[in-house]
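Q: The structure that follows is given in the form of structure tokens.
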Amino acid sequence: MSTSIELPFFSEGVAAGFPSPATGDMQGTLDLNALCIRHPAATYYIRARGESMIGAGIEDGDILMVDRALRPGNGDIIIAALDGEFTVKRLELKDKAVRLLPENPNFSPIDITAQSNAEFFGVVTWVLKQIPTTQPSAKMPQAVAETTGGSDIPLPPNETFV
């Protein structure tokens, strides 16, 4: 199934520090499938669970895009199965030793040996995360959104936003 949804793309960027005057022009469109997926037949998504990779920006509930066509290399974040249990960790290849490293000091590295029942299932290439908003989303029923309050800051009408 090939679906292309091209959305407006502003290449100028947006300041995450001090605001700058808006000088960017719309560059065209951006299709996230074209940007993110190099090997469509070998790409899949998996939801992250737990806190072992927060230092890499992967939080509980994030969606990971994984490419099985890429050969895992030293320093890559990979999906592995250890004794049938899936995990996401940073791969360390050092002096013929293989380790899976967490990105949280509260978790221990995992040594992979010849006796380990370990399989690699691809390299994580993108992390998708939902940013909380005051607007209802597909995951938040309208009744829940209405009871969570909202912003007291008056906002201009939607027509002023691109």
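Just so we're on the same page: first chain in the structure tokens is A, next is B, and so on; residues restart at 1 for each chain, and ligands are numbered from 1 in the order they show up.
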Quick one: which segment 30-81 of chain A residues come within 12 Å of segment 114-120 of chain A, and what is the nearest atom pair for each with the distance in Å to one decimal, counting only C-alpha atoms, rows ordered by chain and ascending number, as CSV?
A:
```
residue,atom,partner,partner_atom,distance
A:Val66,CA,A:Phe120,CA,11.2
A:Asp67,CA,A:Phe120,CA,11.2
A:Arg68,CA,A:Phe120,CA,8.8
A:Ala69,CA,A:Phe120,CA,11.4
A:Leu70,CA,A:Phe120,CA,10.9
A:Arg71,CA,A:Phe120,CA,9.6
A:Pro72,CA,A:Phe120,CA,8.1
A:Gly73,CA,A:Phe120,CA,11.3
A:Asp76,CA,A:Phe120,CA,11.6
A:Ile77,CA,A:Phe120,CA,10.8
A:Ile78,CA,A:Phe120,CA,7.2
A:Ile79,CA,A:Phe120,CA,6.1
A:Ala80,CA,A:Phe120,CA,4.3
A:Ala81,CA,A:Glu119,CA,5.2
```
Q: Mind pulling up the distance from atom CA of Trp126 of chain A to atom CA of Gly55 of chain A?
A: 15.1 Å
Q: How many Å lie between atom CA of Thr134 of chain A and atom CA of Asn33 of chain A, rounded to one decimal?
A: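 Here the two named atoms are 27.4 Å from each other.
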Q: Excluding Glu92 of chain A and its own-chain neighbours fewer than 5 positions away, which residues fall within 8 Å of it when counting only C-alpha atoms? Please give them as a ChimeraX atom specification.
A: /A:73-76,97-101
Q: Give me, as a PyMOL selection string, all polymer residues having an atom no more than 9 Å from Asp60 of chain A, counting only C-alpha atoms and skipping those fewer than 6 positions away in the same chain.
A: chain A and resi 47-51+53-54
Q: Please produce a file of the residues just selected, as a PDB file, in the first residue's frame, where the atoms kept are N, CA and C atoms.
A:
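Okay, out29.pdb is ready:
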```pdb
ATOM      1  N   ARG A  47       5.849   0.393  19.239  1.00  0.00           N
ATOM      2  CA  ARG A  47       5.682   1.356  20.333  1.00  0.00           C
ATOM      3  C   ARG A  47       6.703   1.057  21.427  1.00  0.00           C
ATOM      4  N   ALA A  48       7.392   2.102  21.886  1.00  0.00           N
ATOM      5  CA  ALA A  48       8.353   1.970  22.983  1.00  0.00           C
ATOM      6  C   ALA A  48       7.603   1.861  24.298  1.00  0.00           C
ATOM      7  N   ARG A  49       8.106   1.028  25.169  1.00  0.00           N
ATOM      8  CA  ARG A  49       7.559   0.875  26.514  1.00  0.00           C
ATOM      9  C   ARG A  49       8.706   0.966  27.511  1.00  0.00           C
ATOM     10  N   GLY A  50       8.503   1.673  28.603  1.00  0.00           N
ATOM     11  CA  GLY A  50       9.515   1.759  29.645  1.00  0.00           C
ATOM     12  C   GLY A  50      10.367   3.011  29.519  1.00  0.00           C
ATOM     13  N   GLU A  51      11.393   3.073  30.367  1.00  0.00           N
ATOM     14  CA  GLU A  51      12.209   4.280  30.490  1.00  0.00           C
ATOM     15  C   GLU A  51      13.697   4.043  30.270  1.00  0.00           C
ATOM     16  N   MET A  53      15.475   4.114  27.663  1.00  0.00           N
ATOM     17  CA  MET A  53      16.123   4.852  26.570  1.00  0.00           C
ATOM     18  C   MET A  53      15.828   6.356  26.608  1.00  0.00           C
ATOM     19  N   ILE A  54      15.456   6.883  27.771  1.00  0.00           N
ATOM     20  CA  ILE A  54      15.090   8.302  27.838  1.00  0.00           C
ATOM     21  C   ILE A  54      16.254   9.228  27.503  1.00  0.00           C
TER      22      ILE A  54
END
```
Q: Could you please determine the separation between atom CA of Ala34 of chain A and atom CA of Glu6 of chain A in Å, to one decimal place?
A: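 Atom CA of Ala34 of chain A sits 9.5 Å away from atom CA of Glu6 of chain A.
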Q: Would you please work out which residue, of A:Phe9, A:Lys129, A:Pro109, A:Pro102, is nearest to Leu30 of chain A when using only C-alpha atoms?
A: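 Closest to Leu30 of chain A of all the choices is A:Phe9.
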